[in-house]
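Here is the structure we will look at.
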Amino acid sequence: MRLVLDTEVVVAAMRSPRGGSAELLRRIDAGKAVMLLTVALALEYEAICMLAEHRLASGLSASEAGIYIDGLIGLAEPVKSFFRWRPQLRDPGDELVLEAAVNGQADAIVTFNEFHLREARNFGIAVIRPAEALRRINK
């Protein structure tokens with residue numbers, strides 16, 4: 001299964017290492033699914049994960065958060081963006097996620113905010129929560 005993770009899923013995994021989002025990353029690391037990532041989306045992951053509020057909540061120093069981000073990027077299959085599909089979504093901040101999914105031929109976008117990304121379905125891409133991604137991986 002080819003997945004693009006919304007930034008909030010990456011942050012949830014960092015803040016809660018025993019939660020579903022972190023389990024999803026462990027499954028990706030085990031080769032059960034493929035995480036797709038563009039350079040632009042990787043930069044967004046880094047910018048958001050390095051915010052003091054997320055580092056404090058996760059108990060990570062800036063250096064440790066950097067190691068988390070580097071590890072996350074190392075798990076991913078790089079995606080080149082050949083086409084920009086803007087504007088497609090209600091929230092312009094989510095366009096990076098959609099572009100990674102379309103250009104990477106993702107099966108699904110994993111998010112907690114299905115409403116903002118529902119137009120991805122027009123491209124044949126499912127929009128699911130981490131728990132549903134885990135269920136699909138386990139089939």
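Here's how to read the names in the structure tokens: chain A, B, ... by the order shown, residue numbers from 1 in each chain, ligand numbers from 1 in the order shown.
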Could you name the residues that touch segment 36-38 of chain A at 12 Å or less, counting only C-alpha atoms, but leaving out those on the same chain fewer than 4 positions away, as number ranges by chain?
A: 1-7, 10, 28, 42-45, 72-82, 84, 95-110
Export N, CA and C atoms of the chosen residues as a CSV table (one decimal), in the first residue's frame?
```csv
chain,number,residue,atom,x,y,z
A,1,MET,N,0.8,-1.2,0.0
A,1,MET,CA,0.0,0.0,0.0
A,1,MET,C,0.9,1.2,0.0
A,2,ARG,N,0.6,2.2,-0.9
A,2,ARG,CA,1.4,3.4,-1.1
A,2,ARG,C,0.6,4.5,-0.4
A,3,LEU,N,1.3,5.2,0.6
A,3,LEU,CA,0.6,6.1,1.5
A,3,LEU,C,1.4,7.5,1.5
A,4,VAL,N,0.6,8.5,1.6
A,4,VAL,CA,1.1,9.9,1.9
A,4,VAL,C,0.6,10.2,3.3
A,5,LEU,N,1.4,10.6,4.2
A,5,LEU,CA,1.0,10.9,5.6
A,5,LEU,C,0.8,12.5,5.7
A,6,ASP,N,-0.3,12.9,6.1
A,6,ASP,CA,-0.5,14.3,6.4
A,6,ASP,C,0.4,14.7,7.6
A,7,THR,N,0.8,15.9,7.6
A,7,THR,CA,1.7,16.4,8.7
A,7,THR,C,1.2,16.1,10.1
A,10,VAL,N,2.3,12.7,11.2
A,10,VAL,CA,3.7,12.6,11.6
A,10,VAL,C,3.9,13.2,13.0
A,28,ILE,N,5.5,0.8,8.3
A,28,ILE,CA,6.2,1.3,7.1
A,28,ILE,C,7.7,0.9,7.2
A,42,ALA,N,8.5,17.1,2.9
A,42,ALA,CA,9.5,16.8,3.9
A,42,ALA,C,9.9,18.1,4.7
A,43,LEU,N,10.0,19.2,3.9
A,43,LEU,CA,10.3,20.5,4.6
A,43,LEU,C,9.2,20.9,5.5
A,44,GLU,N,8.0,20.6,5.1
A,44,GLU,CA,6.9,21.0,6.0
A,44,GLU,C,6.9,20.1,7.3
A,45,TYR,N,7.1,18.8,7.1
A,45,TYR,CA,7.3,17.9,8.3
A,45,TYR,C,8.3,18.5,9.2
A,72,LEU,N,12.5,9.6,9.6
A,72,LEU,CA,11.2,9.6,8.9
A,72,LEU,C,11.5,9.7,7.4
A,73,ILE,N,12.3,10.7,7.0
A,73,ILE,CA,12.7,10.9,5.6
A,73,ILE,C,13.4,9.7,5.0
A,74,GLY,N,14.2,9.1,5.8
A,74,GLY,CA,14.9,7.9,5.4
A,74,GLY,C,13.9,6.7,5.1
A,75,LEU,N,12.8,6.7,5.7
A,75,LEU,CA,11.8,5.6,5.5
A,75,LEU,C,11.1,5.8,4.1
A,76,ALA,N,11.0,7.0,3.6
A,76,ALA,CA,10.1,7.3,2.5
A,76,ALA,C,10.7,7.0,1.1
A,77,GLU,N,9.8,6.8,0.2
A,77,GLU,CA,10.2,6.7,-1.2
A,77,GLU,C,10.0,8.1,-1.8
A,78,PRO,N,11.1,8.6,-2.3
A,78,PRO,CA,11.0,10.0,-2.9
A,78,PRO,C,10.1,10.1,-4.1
A,79,VAL,N,9.4,11.2,-4.1
A,79,VAL,CA,8.4,11.5,-5.2
A,79,VAL,C,8.8,12.8,-5.9
A,80,LYS,N,8.9,12.7,-7.2
A,80,LYS,CA,9.2,14.0,-7.9
A,80,LYS,C,7.9,14.5,-8.3
A,81,SER,N,7.7,15.8,-8.2
A,81,SER,CA,6.5,16.5,-8.5
A,81,SER,C,6.6,17.0,-10.0
A,82,PHE,N,5.9,16.3,-10.9
A,82,PHE,CA,5.9,16.7,-12.3
A,82,PHE,C,4.8,17.7,-12.6
A,84,ARG,N,1.8,20.3,-10.7
A,84,ARG,CA,1.1,21.0,-9.5
A,84,ARG,C,-0.3,21.0,-9.8
A,95,GLU,N,-2.4,21.3,0.0
A,95,GLU,CA,-2.1,21.0,-1.4
A,95,GLU,C,-0.8,20.2,-1.5
A,96,LEU,N,0.2,20.4,-0.6
A,96,LEU,CA,1.4,19.6,-0.7
A,96,LEU,C,1.2,18.2,-0.5
A,97,VAL,N,0.2,17.8,0.3
A,97,VAL,CA,-0.1,16.4,0.6
A,97,VAL,C,-0.8,15.8,-0.6
A,98,LEU,N,-1.7,16.5,-1.2
A,98,LEU,CA,-2.4,16.0,-2.4
A,98,LEU,C,-1.4,15.9,-3.6
A,99,GLU,N,-0.5,16.8,-3.8
A,99,GLU,CA,0.5,16.7,-4.9
A,99,GLU,C,1.4,15.6,-4.7
A,100,ALA,N,1.8,15.3,-3.5
A,100,ALA,CA,2.7,14.1,-3.2
A,100,ALA,C,1.9,12.8,-3.5
A,101,ALA,N,0.6,12.8,-3.2
A,101,ALA,CA,-0.2,11.6,-3.4
A,101,ALA,C,-0.4,11.4,-4.9
A,102,VAL,N,-0.8,12.4,-5.6
A,102,VAL,CA,-1.1,12.3,-7.0
A,102,VAL,C,0.2,11.9,-7.8
A,103,ASN,N,1.2,12.7,-7.6
A,103,ASN,CA,2.5,12.4,-8.3
A,103,ASN,C,3.1,11.1,-7.9
A,104,GLY,N,2.9,10.6,-6.7
A,104,GLY,CA,3.5,9.4,-6.3
A,104,GLY,C,2.6,8.2,-6.5
A,105,GLN,N,1.4,8.4,-7.1
A,105,GLN,CA,0.4,7.3,-7.3
A,105,GLN,C,0.1,6.6,-6.0
A,106,ALA,N,-0.3,7.4,-5.0
A,106,ALA,CA,-0.6,6.8,-3.7
A,106,ALA,C,-2.0,6.1,-3.8
A,107,ASP,N,-2.1,5.1,-2.9
A,107,ASP,CA,-3.4,4.4,-2.7
A,107,ASP,C,-4.2,5.2,-1.8
A,108,ALA,N,-3.6,5.9,-0.8
A,108,ALA,CA,-4.3,6.6,0.2
A,108,ALA,C,-3.5,7.8,0.8
A,109,ILE,N,-4.2,8.8,1.3
A,109,ILE,CA,-3.7,9.8,2.2
A,109,ILE,C,-4.2,9.5,3.6
A,110,VAL,N,-3.2,9.5,4.5
A,110,VAL,CA,-3.6,9.2,5.9
A,110,VAL,C,-3.6,10.5,6.6
```
Could you find all residues in chain A that DSSP calls alpha helix (DSSP H) from the backbone, and write them as a ChimeraX atom specification?
/A:7-15,20-29,39-49,52-58,62-75,95-103,114-117,130-138
All strand (DSSP E or B) residues (DSSP, backbone) inside chain A, as a compact mmCIF listing (two decimals) with C-alpha atoms, in the first residue's frame:
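What landed in states-v1.txt:
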```
# COMPACT_ATOMS: atom_id res chain seq x y z
CA ARG A 2 1.38 3.38 -1.05
CA LEU A 3 0.64 6.14 1.48
CA VAL A 4 1.14 9.85 1.95
CA LEU A 5 0.98 10.95 5.57
CA VAL A 34 5.40 2.50 1.41
CA MET A 35 5.45 6.10 2.56
CA LEU A 36 5.69 8.62 -0.28
CA LEU A 37 7.35 11.98 0.23
CA GLU A 77 10.16 6.70 -1.20
CA PRO A 78 11.03 10.00 -2.88
CA ALA A 108 -4.32 6.63 0.22
CA ILE A 109 -3.69 9.80 2.15
CA VAL A 110 -3.57 9.19 5.90
CA ALA A 126 -8.60 7.11 -0.58
CA VAL A 127 -8.59 9.48 2.40
CA ILE A 128 -8.31 7.49 5.62
```
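Here the question is which of A:Ile137, A:Ile69, A:Ala62, A:Ser21 gets nearest to Leu41 of chain A using only C-alpha atoms, and that residue is A:Ile69.
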If I take atom CA of Leu117 of chain A and atom CA of Glu23 of chain A, how far is one from the other in Å, to one decimal?
22.3 Å
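Nearest-residue note for Asn113 of chain A: choosing from A:Tyr68, A:Leu60, A:Val9, A:Leu134, the minimum distance belongs to A:Val9, counting only C-alpha atoms.
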